[in-house]
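Working notes, structure below.
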There are 2 protein chains.
Amino acid sequence: MRNENRLRWWIWFIVLLATLFFLGFIIGWFAKQTHENTASNGVSSKYLREFLDEMQPNQIREYLRKFTRLPHLAGTEQNLKYAEEIKKDWQDFGLDSVEMAPYDVLLSYPNTSQPNYISIVDQFGNEVFNTSLAEPVPQGYEDVSNIVPPYSAFSAKGQPEGDLVYVNYGRTEDFFQLEREMNISATGKIVIVRYGKIFRGNKVKNAVLAGAKGIIMFSDPADYWASGVQLYPDGWNLPGGGVQRGNVLNLNGAGDPLTPGYPAKEYTHRFSVEDGVGLPKIPVHPIGFDDAIHLLKKVRMNIHTNNKVTRIYNVIGRIRGALEPDRYVILGGHRDAWVFGGIDPMSGAAVVHEIVRSAGRLLSEGWRPRRTIIFASWDAEEFGLLGSTEWAEDNAKLLQERAVAYINADSAIEGTYTLRVDCTPSLHTLVYEVTKKIDSPEEGEEGLSLYESWHKRDNWTQDRDAPRISKLSSGSDFEAYFIRLGIAAGRARYTKNKKTELYSSYPLYHSVYETFEIVEKFYDPSFRRLKAVSQVRGGLIFLLADSQLLPLDANQYADSLRKYTQSIAQLAQRHPAQMEMYEVSFDFLFSAAENFTVAAREFHERLQTLNRVRIMNDQLMYLERTFIDPLGLPGRPFYRHVIFAPSSHNKYAGESFPGIYDALFDIENSADPEKAWEEVKRQISIAAFTVHAAAMTLTPPA
Amino acid sequence: MRNENRLRWWIWFIVLLATLFFLGFIIGWFAKQTHENTASNGVSSKYLREFLDEMQPNQIREYLRKFTRLPHLAGTEQNLKYAEEIKKDWQDFGLDSVEMAPYDVLLSYPNTSQPNYISIVDQFGNEVFNTSLAEPVPQGYEDVSNIVPPYSAFSAKGQPEGDLVYVNYGRTEDFFQLEREMNISATGKIVIVRYGKIFRGNKVKNAVLAGAKGIIMFSDPADYWASGVQLYPDGWNLPGGGVQRGNVLNLNGAGDPLTPGYPAKEYTHRFSVEDGVGLPKIPVHPIGFDDAIHLLKKVRMNIHTNNKVTRIYNVIGRIRGALEPDRYVILGGHRDAWVFGGIDPMSGAAVVHEIVRSAGRLLSEGWRPRRTIIFASWDAEEFGLLGSTEWAEDNAKLLQERAVAYINADSAIEGTYTLRVDCTPSLHTLVYEVTKKIDSPEEGEEGLSLYESWHKRDNWTQDRDAPRISKLSSGSDFEAYFIRLGIAAGRARYTKNKKTELYSSYPLYHSVYETFEIVEKFYDPSFRRLKAVSQVRGGLIFLLADSQLLPLDANQYADSLRKYTQSIAQLAQRHPAQMEMYEVSFDFLFSAAENFTVAAREFHERLQTLNRVRIMNDQLMYLERTFIDPLGLPGRPFYRHVIFAPSSHNKYAGESFPGIYDALFDIENSADPEKAWEEVKRQISIAAFTVHAAAMTLTPPA
């Protein structure tokens, strides 16, 4: 019995050992598995809180002050100096790597020995009045050199002389009205238009199409004075001598006009300037209101601006992802400014600087995001989004496969009312989630979240009870990432009350008066609004980079697509008789959107139970890519997003289904309505195909 | 002390338990890890062996017999019946799913009430000789109906009458010689050319460019008779009454001429036939040699062929991947034939059938590949690769993200000499590996592997001591996958001795005499050659689908790129003076290739030690994608591969760097050499950019 007992003891002992071993094995197995497979978001909310709390108004103020002391136009020495300072700071903050990414792109500067101006000429050809050569320099900046005088970058050279015709905002409809209702032709004339409503490059395009031989643009107080606000320096309204600078290209996303589709590197073939993309063929010049009121029927333009291939510098910083180094989350904003860039772009660049500092702080405490984060300080945005587009072209193949999202960081403030977010629908849910974690920056709203403050001030009542989020349009550095490459993208800034403040953008936009002082005195004296924007932008990249499951929401995309299909179909329904005659139907587009809705819902249901995170994350990441058509929109090879792109007719409109929209727009002016409707049908079919294909990418992968 | 002992005992006991638990944990942890992380290939060689051994000559014979009894032209009832049989068989073999993928594409058929023919007319306009309306029907097929008479699919209708001019093969150089050396213009003439050397569609394009009003193509015995071989049915040479059918489109990868870029579905917009892609504007007709020798100076063509939108059917079968269901390995080949399709394509389709059966057998034994395998039976290849291209367009967004490789399965035999493989360079190593596991099918070569037999017969001595592998060109269903989408691709078949057998393709190509009997009697009586091809195609998809680490070799791509850069630069060096005058340099392209070589070497070195398999596999998978330029080659939006695409001037040439090649070709005939050389430089720059970008994708991901 003793032996038997001992045997029994040994058996139990071995069973115990085996059990323990097995237990260890199982725990080891699943401990490993949880790395990839848990459905929970898996993000460290402790680190997120710490990250958001790290951001400081005073730091943002310091950075804004530091980077707005001197003019730093793209291609100038000072803008390179700022690039070098940013590079050094980002290294000191603790990024894993920071590098310069230079490109040689076509820029445009006034001729320093022959100034640009407009004259009134008398019957003998004498110049009896000339517009100012520069804006009055703001107080405190009297000793600053290198302030570029107001000009229209990429204007053609020339000294056209002729009758002046006023064409309101220079929109397509303004030129039509002139011709059809007032029976005035712009052909051979110099046209004068006021700034606002559409992108200035489109005004120039319309003037060229109308046959004008020159175009003058001015800032009308009706568009650039907010009521009850003093002129600079006592307030933030545009003085009569202030002028809006800006480029007048029609690039449609091409980047450097001489190297469309390819990065402007040493070895890259360059088209001649005559063959460059989007360069206007007529002289263009901007003036202020004080000059505009003097201009009479007949003027002469004197434009000597030069195009010049110039080196520009992006600064690219990285935090290497711990688990998915081949997945990129990008925060990019530009650094170059027309003069000081008090708002545009340095309010945004200061915010990025503070986000990088805060991320560096987390790194030093042992945090490392799941995915790689890329920070970019773009150059030459003001000359046509050149720095960001060249880098996108340089890295297109990597970004195509690896980029998860792009968050844009241009001007962080343009008003004092509430938050403004434009983003792809799949980011809606994340934006709400992030803003709920941030405090309202407004006085008297202690205890309110940014979400609540925003919701109260700008409720999206028409569609849903939540803060309004708008479509991404164009006009800043996200273009190449979103509209060309199909990377989920968004932007956030502080804005004005759109319902009551009807002036165009912000009055001092692109003038010499965009200084540090307008932010410090008027827009955000406590710098708490900029801190809030910093937390929104930073919170977005944190969660995109660190959540195990990508925080992208296909259901939101489905909701938006259904709305867009309804809205574009309603536009077509303005022509019911022709719709019937040419057998135009939106049915297949409607059913594609329904189909997508089902696929999105089922996808998110599967997310609850399935555990192949990388596979499902890829489906989410590539969802936006699905909307890219490599053939591009008609005549615009670099605008490839079938759902979101500016209409050809209104660059800032951000229409959904731009192909259909443009085709419908053309109906009105087509000499061959059958052909025009055929194009509408073709565009509907492309949209339906694209939405169907998007739904396919959400179905189980095999 | 007793207590102390007991304590000591307990301590040891607990240490033991803890150790065992820890050991279990560690083993569990790493056991889990080996799933993803071992560097070894991890493929089951037992299953591979079983898969290869499962394939049987008699099964292939049976399938070939079964699917060649009746004519099965694309768009006919019989071809749908075969599709349904294939679908049922594949389901019975055990695939996870089999579905039909129908499209409505433009096809072209002779008018059944008005036959096509060529006449000789006398001075009164009477037809004194007419070419045959059909080929003499082969023995054993006398009762078969629905044999389509010889015609040129997509010919324009018309009855042009005029002088006949012979233009050799109808190549660009043949037309030049006619005009420059013989001073004969083809304008307003009907041209007659012999088949061979280039794709027939290019002959038609050249004739149109030369101003011809009709084109006749005939099979010259010099090109379609092998020496010492009898005419059908006593051998496999083309009888004098035999004619080669074929389409005469210039699609350049567009697929269905009416829906370029999009799948031809119910809702898809269709261009009118006048606006369709690649449709010839003049009548075209093919004749046999017996008719050709009668044709005199003046002829009339009578062509009544109709274009018609017709439903076609692909059959798509799937085996769901066990671990990576979102990674696709595709084996596709066409089913439609001009008549019986004894070689083209059913020798290939029978082989696919046998591969599917063998894979099903493995599935029934518990095997399941790591990745998803897709089998495709394409329709309407003969009408311009329509079925495969429409499916690629339908699934482009999925394939772009998920497709690992595409193996083509057109005709499996065209000669009795040895193996022929055309593939992307990254597949070279795998092809050698697979062929070493397969027996030579040749009599007297028992004990020799297919690799050894192939090596002996077709040594690639110029470059390396290994069997020759050629570049992929065009002309079969891999086009949309490889040249448009950038998916690694290859094809394998049994071939003739290219050094001694100089006739064009195989003599009976596209004639009614392509029957089951020519394979059974002449090409492969034992069906062992077809079995070997079956094992090659099957072995490739097995290893691509089941190897843990993708069996793609970037080093091979690097070797090839260096050779191609040398070779294209040598071509340019034929014009040394102009190279200097226009400052044309290949230096950046050379350095890009060197740079790629280093990146590839370092990538494969890292593969030895790094263990993030999915990340590195993605880098390998997307390598081929890197060579795709969404802007396409000049004027050819659907040929997007910068390294491999047919030259515009010789569709079957498979030139490397087609953009540079075409630009160099144009030098010779350009009225503006400066502009032409500018285009050469632009193309070099695009090539250098693309190779640089490819190298970037191989570097560590962050």
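Residues are referred to by chain and number: the chain letter is A, B, ... according to the order shown in the structure tokens, the number counts from 1 in that chain, and ligands are numbered separately from 1 in the order shown.
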
Give me the residues within 7 Å of stretch 624-641 of chain A as a PDB file with all heavy atoms, in the first residue's frame, counting only C-alpha atoms and dropping any in the same chain fewer than 2 places off.
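The resulting file, around.pdb, is reproduced below:
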ATOM      1  N   ASN A 252      -5.248  72.764 -59.703  1.00  0.00           N
ATOM      2  CA  ASN A 252      -6.059  71.565 -59.508  1.00  0.00           C
ATOM      3  C   ASN A 252      -5.248  70.404 -58.942  1.00  0.00           C
ATOM      4  O   ASN A 252      -5.330  69.265 -59.406  1.00  0.00           O
ATOM      5  CB  ASN A 252      -6.715  71.152 -60.821  1.00  0.00           C
ATOM      6  CG  ASN A 252      -7.792  72.138 -61.236  1.00  0.00           C
ATOM      7  OD1 ASN A 252      -8.673  72.457 -60.443  1.00  0.00           O
ATOM      8  ND2 ASN A 252      -7.700  72.649 -62.455  1.00  0.00           N
ATOM      9  N   GLY A 253      -4.433  70.723 -57.964  1.00  0.00           N
ATOM     10  CA  GLY A 253      -3.721  69.663 -57.251  1.00  0.00           C
ATOM     11  C   GLY A 253      -2.416  69.213 -57.862  1.00  0.00           C
ATOM     12  O   GLY A 253      -1.833  68.233 -57.404  1.00  0.00           O
ATOM     13  N   ALA A 254      -1.916  69.911 -58.881  1.00  0.00           N
ATOM     14  CA  ALA A 254      -0.732  69.423 -59.595  1.00  0.00           C
ATOM     15  C   ALA A 254       0.577  69.644 -58.835  1.00  0.00           C
ATOM     16  O   ALA A 254       1.585  69.046 -59.166  1.00  0.00           O
ATOM     17  CB  ALA A 254      -0.634  70.075 -60.970  1.00  0.00           C
ATOM     18  N   ILE A 483      -7.384  64.394 -51.737  1.00  0.00           N
ATOM     19  CA  ILE A 483      -8.067  64.393 -53.031  1.00  0.00           C
ATOM     20  C   ILE A 483      -7.271  63.616 -54.079  1.00  0.00           C
ATOM     21  O   ILE A 483      -7.822  63.047 -54.998  1.00  0.00           O
ATOM     22  CB  ILE A 483      -8.339  65.835 -53.528  1.00  0.00           C
ATOM     23  CG1 ILE A 483      -9.076  66.633 -52.434  1.00  0.00           C
ATOM     24  CG2 ILE A 483      -9.172  65.816 -54.796  1.00  0.00           C
ATOM     25  CD1 ILE A 483      -9.379  68.069 -52.803  1.00  0.00           C
ATOM     26  N   ARG A 484      -5.929  63.595 -53.932  1.00  0.00           N
ATOM     27  CA  ARG A 484      -5.173  62.808 -54.904  1.00  0.00           C
ATOM     28  C   ARG A 484      -4.970  61.376 -54.436  1.00  0.00           C
ATOM     29  O   ARG A 484      -5.156  60.435 -55.200  1.00  0.00           O
ATOM     30  CB  ARG A 484      -3.814  63.440 -55.210  1.00  0.00           C
ATOM     31  CG  ARG A 484      -3.178  62.752 -56.423  1.00  0.00           C
ATOM     32  CD  ARG A 484      -1.693  63.020 -56.631  1.00  0.00           C
ATOM     33  NE  ARG A 484      -1.382  64.387 -56.959  1.00  0.00           N
ATOM     34  CZ  ARG A 484      -0.221  64.764 -57.486  1.00  0.00           C
ATOM     35  NH1 ARG A 484       0.709  63.849 -57.775  1.00  0.00           N
ATOM     36  NH2 ARG A 484       0.038  66.029 -57.709  1.00  0.00           N
ATOM     37  N   LEU A 485      -4.555  61.204 -53.170  1.00  0.00           N
ATOM     38  CA  LEU A 485      -4.162  59.865 -52.724  1.00  0.00           C
ATOM     39  C   LEU A 485      -5.257  59.114 -51.970  1.00  0.00           C
ATOM     40  O   LEU A 485      -5.148  57.909 -51.769  1.00  0.00           O
ATOM     41  CB  LEU A 485      -2.903  59.946 -51.850  1.00  0.00           C
ATOM     42  CG  LEU A 485      -1.639  60.429 -52.563  1.00  0.00           C
ATOM     43  CD1 LEU A 485      -0.503  60.603 -51.567  1.00  0.00           C
ATOM     44  CD2 LEU A 485      -1.226  59.456 -53.661  1.00  0.00           C
ATOM     45  N   GLY A 486      -6.302  59.824 -51.536  1.00  0.00           N
ATOM     46  CA  GLY A 486      -7.376  59.115 -50.838  1.00  0.00           C
ATOM     47  C   GLY A 486      -6.988  58.663 -49.441  1.00  0.00           C
ATOM     48  O   GLY A 486      -7.222  57.517 -49.059  1.00  0.00           O
ATOM     49  N   ILE A 487      -6.383  59.546 -48.682  1.00  0.00           N
ATOM     50  CA  ILE A 487      -6.058  59.252 -47.289  1.00  0.00           C
ATOM     51  C   ILE A 487      -7.086  59.990 -46.425  1.00  0.00           C
ATOM     52  O   ILE A 487      -7.350  61.182 -46.655  1.00  0.00           O
ATOM     53  CB  ILE A 487      -4.622  59.739 -46.973  1.00  0.00           C
ATOM     54  CG1 ILE A 487      -3.622  58.973 -47.843  1.00  0.00           C
ATOM     55  CG2 ILE A 487      -4.301  59.574 -45.488  1.00  0.00           C
ATOM     56  CD1 ILE A 487      -2.246  59.618 -47.905  1.00  0.00           C
ATOM     57  N   ALA A 488      -7.654  59.304 -45.451  1.00  0.00           N
ATOM     58  CA  ALA A 488      -8.641  59.934 -44.577  1.00  0.00           C
ATOM     59  C   ALA A 488      -8.028  61.205 -43.996  1.00  0.00           C
ATOM     60  O   ALA A 488      -6.900  61.178 -43.493  1.00  0.00           O
ATOM     61  CB  ALA A 488      -9.053  58.979 -43.465  1.00  0.00           C
ATOM     62  N   MET A 621      -8.520  51.391 -43.234  1.00  0.00           N
ATOM     63  CA  MET A 621      -7.537  52.332 -43.767  1.00  0.00           C
ATOM     64  C   MET A 621      -7.763  52.556 -45.263  1.00  0.00           C
ATOM     65  O   MET A 621      -7.676  53.670 -45.756  1.00  0.00           O
ATOM     66  CB  MET A 621      -6.122  51.801 -43.526  1.00  0.00           C
ATOM     67  CG  MET A 621      -5.041  52.638 -44.192  1.00  0.00           C
ATOM     68  SD  MET A 621      -3.369  52.118 -43.741  1.00  0.00           S
ATOM     69  CE  MET A 621      -3.181  50.624 -44.716  1.00  0.00           C
ATOM     70  N   TYR A 622      -8.037  51.455 -45.971  1.00  0.00           N
ATOM     71  CA  TYR A 622      -8.149  51.558 -47.421  1.00  0.00           C
ATOM     72  C   TYR A 622      -9.526  52.027 -47.886  1.00  0.00           C
ATOM     73  O   TYR A 622      -9.725  52.246 -49.078  1.00  0.00           O
ATOM     74  CB  TYR A 622      -7.790  50.215 -48.076  1.00  0.00           C
ATOM     75  CG  TYR A 622      -6.316  49.870 -47.969  1.00  0.00           C
ATOM     76  CD1 TYR A 622      -5.901  48.601 -47.586  1.00  0.00           C
ATOM     77  CD2 TYR A 622      -5.336  50.817 -48.263  1.00  0.00           C
ATOM     78  CE1 TYR A 622      -4.552  48.282 -47.486  1.00  0.00           C
ATOM     79  CE2 TYR A 622      -3.993  50.513 -48.167  1.00  0.00           C
ATOM     80  CZ  TYR A 622      -3.605  49.244 -47.780  1.00  0.00           C
ATOM     81  OH  TYR A 622      -2.273  48.927 -47.694  1.00  0.00           O
ATOM     82  N   ILE A 643     -15.780  61.363 -54.514  1.00  0.00           N
ATOM     83  CA  ILE A 643     -16.807  61.926 -53.633  1.00  0.00           C
ATOM     84  C   ILE A 643     -16.498  63.386 -53.278  1.00  0.00           C
ATOM     85  O   ILE A 643     -17.387  64.224 -53.239  1.00  0.00           O
ATOM     86  CB  ILE A 643     -16.927  61.107 -52.320  1.00  0.00           C
ATOM     87  CG1 ILE A 643     -16.948  59.611 -52.617  1.00  0.00           C
ATOM     88  CG2 ILE A 643     -18.162  61.540 -51.524  1.00  0.00           C
ATOM     89  CD1 ILE A 643     -18.084  59.132 -53.465  1.00  0.00           C
ATOM     90  N   PHE A 644     -15.240  63.666 -52.971  1.00  0.00           N
ATOM     91  CA  PHE A 644     -14.895  65.009 -52.509  1.00  0.00           C
ATOM     92  C   PHE A 644     -13.815  65.634 -53.376  1.00  0.00           C
ATOM     93  O   PHE A 644     -12.688  65.144 -53.426  1.00  0.00           O
ATOM     94  CB  PHE A 644     -14.347  64.962 -51.085  1.00  0.00           C
ATOM     95  CG  PHE A 644     -15.324  64.434 -50.078  1.00  0.00           C
ATOM     96  CD1 PHE A 644     -15.133  63.203 -49.488  1.00  0.00           C
ATOM     97  CD2 PHE A 644     -16.442  65.170 -49.733  1.00  0.00           C
ATOM     98  CE1 PHE A 644     -16.033  62.712 -48.555  1.00  0.00           C
ATOM     99  CE2 PHE A 644     -17.346  64.689 -48.797  1.00  0.00           C
ATOM    100  CZ  PHE A 644     -17.137  63.456 -48.206  1.00  0.00           C
ATOM    101  N   ALA A 645     -14.151  66.712 -54.032  1.00  0.00           N
ATOM    102  CA  ALA A 645     -13.140  67.524 -54.705  1.00  0.00           C
ATOM    103  C   ALA A 645     -13.818  68.838 -54.977  1.00  0.00           C
ATOM    104  O   ALA A 645     -15.050  68.898 -55.047  1.00  0.00           O
ATOM    105  CB  ALA A 645     -12.679  66.863 -56.005  1.00  0.00           C
ATOM    106  N   GLY A 659     -17.735  65.253 -59.954  1.00  0.00           N
ATOM    107  CA  GLY A 659     -17.890  64.917 -61.376  1.00  0.00           C
ATOM    108  C   GLY A 659     -19.316  65.167 -61.838  1.00  0.00           C
ATOM    109  O   GLY A 659     -19.547  65.799 -62.878  1.00  0.00           O
ATOM    110  N   THR A 690     -17.984  53.518 -58.109  1.00  0.00           N
ATOM    111  CA  THR A 690     -17.033  53.780 -57.032  1.00  0.00           C
ATOM    112  C   THR A 690     -17.635  53.422 -55.676  1.00  0.00           C
ATOM    113  O   THR A 690     -16.966  52.812 -54.835  1.00  0.00           O
ATOM    114  CB  THR A 690     -16.603  55.262 -57.067  1.00  0.00           C
ATOM    115  OG1 THR A 690     -16.080  55.539 -58.369  1.00  0.00           O
ATOM    116  CG2 THR A 690     -15.543  55.558 -56.032  1.00  0.00           C
ATOM    117  N   ALA A 693     -17.771  49.701 -55.357  1.00  0.00           N
ATOM    118  CA  ALA A 693     -16.436  49.152 -55.086  1.00  0.00           C
ATOM    119  C   ALA A 693     -16.056  49.395 -53.632  1.00  0.00           C
ATOM    120  O   ALA A 693     -15.448  48.538 -52.987  1.00  0.00           O
ATOM    121  CB  ALA A 693     -15.413  49.783 -56.024  1.00  0.00           C
ATOM    122  N   ALA A 694     -16.434  50.551 -53.099  1.00  0.00           N
ATOM    123  CA  ALA A 694     -16.140  50.850 -51.699  1.00  0.00           C
ATOM    124  C   ALA A 694     -16.853  49.855 -50.789  1.00  0.00           C
ATOM    125  O   ALA A 694     -16.279  49.378 -49.804  1.00  0.00           O
ATOM    126  CB  ALA A 694     -16.554  52.278 -51.369  1.00  0.00           C
TER     127      ALA A 694
ATOM    128  N   LYS B 397      -9.966  47.873 -56.760  1.00  0.00           N
ATOM    129  CA  LYS B 397      -9.601  48.415 -55.459  1.00  0.00           C
ATOM    130  C   LYS B 397      -9.215  47.300 -54.482  1.00  0.00           C
ATOM    131  O   LYS B 397      -8.306  47.465 -53.673  1.00  0.00           O
ATOM    132  CB  LYS B 397     -10.730  49.293 -54.932  1.00  0.00           C
ATOM    133  CG  LYS B 397     -10.771  50.628 -55.689  1.00  0.00           C
ATOM    134  CD  LYS B 397     -12.155  51.077 -56.065  1.00  0.00           C
ATOM    135  CE  LYS B 397     -12.142  52.027 -57.249  1.00  0.00           C
ATOM    136  NZ  LYS B 397     -12.158  53.442 -56.866  1.00  0.00           N
ATOM    137  N   PRO B 630       0.099  56.112 -62.001  1.00  0.00           N
ATOM    138  CA  PRO B 630      -1.330  56.295 -62.305  1.00  0.00           C
ATOM    139  C   PRO B 630      -1.561  57.150 -63.542  1.00  0.00           C
ATOM    140  O   PRO B 630      -2.624  57.083 -64.141  1.00  0.00           O
ATOM    141  CB  PRO B 630      -1.888  56.970 -61.047  1.00  0.00           C
ATOM    142  CG  PRO B 630      -0.711  57.431 -60.266  1.00  0.00           C
ATOM    143  CD  PRO B 630       0.454  56.591 -60.665  1.00  0.00           C
TER     144      PRO B 630
END

*Between atom CA of B:Glu179 and atom CA of B:Leu296, what is the spacing in Å?*
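Answer for the atom CA of B:Leu296 to atom CA of B:Glu179 separation: 20.6 Å.
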
*asked:* Distance cut-off 8 Å, counting only C-alpha atoms - which residues of chain A neighbour chain B? Return them as a count of residues only.
replied: 50

_Which residues are close to B:Ala359, i.e. within 8 Å by only C-alpha atoms, leaving aside same-chain residues fewer than 4 positions away? Reply as a ChimeraX atom specification._
/B:51,355,363

*For B:Thr131: contacts at 8 Å, only C-alpha atoms, fewer than 5 positions along chain excluded, given as a ChimeraX atom specification*: /B:117-119,287,291

_Considering only strand (DSSP E or B) as DSSP defines it on the backbone, what residues of stretch 116-239 of chain A qualify? List them as a ChimeraX atom specification._
/A:117-121,127-130,152-153,158,161-166,190-194,196,198,214-218,231,237

*Residues near stretch 557-568 of chain B, cut-off 9 Å, only C-alpha atoms, skip fewer than 3 positions along chain, as a list in words*: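 The residues satisfying every condition are Thr424, Pro425, Ser426, Leu427, His428, Asp553, Ala554, Leu571, Ala572, Gln573, Phe586, Leu589, Phe590, Ala593, Glu594, Phe596, Thr597, Val598, Ala599, Ala600, Arg601, Ile643, Ser656, Phe657, Ile660, Tyr661 and Val691 of chain B.
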
Written file, previous selection with N, CA, C and O atoms, as a short mmCIF file (atom, residue, chain, number, x, y, z; two decimals), in the first residue's frame:
data_model
loop_
_atom_site.label_atom_id
_atom_site.label_comp_id
_atom_site.auth_asym_id
_atom_site.auth_seq_id
_atom_site.Cartn_x
_atom_site.Cartn_y
_atom_site.Cartn_z
N THR B 424 7.58 38.27 -64.14
CA THR B 424 8.22 39.41 -63.52
C THR B 424 9.49 38.91 -62.80
O THR B 424 9.52 37.78 -62.32
N PRO B 425 10.53 39.76 -62.74
CA PRO B 425 11.79 39.27 -62.18
C PRO B 425 11.67 38.74 -60.75
O PRO B 425 12.40 37.81 -60.38
N SER B 426 10.77 39.27 -59.96
CA SER B 426 10.71 38.81 -58.57
C SER B 426 10.24 37.37 -58.47
O SER B 426 10.36 36.76 -57.40
N LEU B 427 9.72 36.79 -59.56
CA LEU B 427 9.30 35.38 -59.53
C LEU B 427 10.37 34.41 -60.03
O LEU B 427 10.18 33.19 -59.96
N HIS B 428 11.48 34.92 -60.55
CA HIS B 428 12.50 34.02 -61.13
C HIS B 428 12.89 32.90 -60.17
O HIS B 428 12.90 31.73 -60.53
N ASP B 553 11.38 37.72 -54.91
CA ASP B 553 12.81 38.00 -54.74
C ASP B 553 13.16 39.38 -55.30
O ASP B 553 13.26 39.56 -56.52
N ALA B 554 13.34 40.34 -54.41
CA ALA B 554 13.66 41.70 -54.84
C ALA B 554 15.05 41.78 -55.45
O ALA B 554 15.32 42.63 -56.31
N LEU B 571 20.63 51.71 -76.46
CA LEU B 571 19.75 52.06 -77.57
C LEU B 571 19.87 53.56 -77.87
O LEU B 571 19.94 53.98 -79.03
N ALA B 572 19.89 54.36 -76.80
CA ALA B 572 20.00 55.82 -76.98
C ALA B 572 21.36 56.17 -77.57
O ALA B 572 21.50 57.12 -78.34
N GLN B 573 22.37 55.37 -77.21
CA GLN B 573 23.74 55.66 -77.65
C GLN B 573 23.93 55.51 -79.15
O GLN B 573 25.00 55.81 -79.68
N PHE B 586 21.74 59.29 -68.79
CA PHE B 586 21.07 58.19 -68.08
C PHE B 586 21.60 58.04 -66.66
O PHE B 586 21.24 57.10 -65.97
N LEU B 589 19.24 57.47 -63.85
CA LEU B 589 18.58 56.17 -63.93
C LEU B 589 19.53 55.07 -63.46
O LEU B 589 19.13 54.16 -62.73
N PHE B 590 20.80 55.18 -63.87
CA PHE B 590 21.79 54.21 -63.38
C PHE B 590 21.87 54.25 -61.86
O PHE B 590 21.88 53.21 -61.19
N ALA B 593 18.99 52.62 -60.20
CA ALA B 593 19.05 51.15 -60.23
C ALA B 593 20.05 50.63 -59.20
O ALA B 593 19.81 49.61 -58.54
N GLU B 594 21.16 51.35 -59.04
CA GLU B 594 22.15 50.95 -58.02
C GLU B 594 21.54 51.05 -56.62
O GLU B 594 21.70 50.17 -55.78
N PHE B 596 18.43 50.93 -55.86
CA PHE B 596 17.45 49.85 -55.71
C PHE B 596 18.15 48.56 -55.34
O PHE B 596 17.68 47.79 -54.50
N THR B 597 19.30 48.31 -55.97
CA THR B 597 20.04 47.08 -55.71
C THR B 597 20.46 46.99 -54.24
O THR B 597 20.31 45.94 -53.61
N VAL B 598 20.94 48.10 -53.73
CA VAL B 598 21.34 48.12 -52.32
C VAL B 598 20.12 47.90 -51.41
O VAL B 598 20.16 47.09 -50.48
N ALA B 599 19.04 48.60 -51.73
CA ALA B 599 17.83 48.46 -50.90
C ALA B 599 17.33 47.02 -50.91
O ALA B 599 16.91 46.48 -49.89
N ALA B 600 17.38 46.38 -52.09
CA ALA B 600 16.90 45.00 -52.20
C ALA B 600 17.79 44.06 -51.39
O ALA B 600 17.31 43.20 -50.65
N ARG B 601 19.11 44.27 -51.49
CA ARG B 601 20.02 43.39 -50.77
C ARG B 601 19.81 43.53 -49.27
O ARG B 601 19.68 42.55 -48.54
N ILE B 643 8.16 49.85 -66.02
CA ILE B 643 9.25 48.96 -66.45
C ILE B 643 8.82 48.04 -67.59
O ILE B 643 9.58 47.82 -68.54
N SER B 656 11.56 46.58 -72.02
CA SER B 656 11.64 47.21 -70.71
C SER B 656 11.72 48.72 -70.91
O SER B 656 12.11 49.19 -71.98
N PHE B 657 11.31 49.48 -69.89
CA PHE B 657 11.24 50.94 -69.96
C PHE B 657 10.52 51.40 -71.23
O PHE B 657 11.09 52.10 -72.08
N ILE B 660 10.66 55.19 -72.27
CA ILE B 660 11.91 55.65 -72.89
C ILE B 660 12.04 55.05 -74.29
O ILE B 660 12.42 55.74 -75.24
N TYR B 661 11.70 53.76 -74.39
CA TYR B 661 11.83 53.08 -75.68
C TYR B 661 11.02 53.78 -76.76
O TYR B 661 11.52 54.06 -77.85
N VAL B 691 12.05 54.06 -60.08
CA VAL B 691 12.98 53.10 -59.48
C VAL B 691 13.43 53.59 -58.10
O VAL B 691 13.55 52.79 -57.16
#

*From stretch 262-396 of chain A, collect each residue whose DSSP state is alpha helix (DSSP H) and return the set as number ranges by chain.*
A: 289-292, 346-364, 386-394, 396
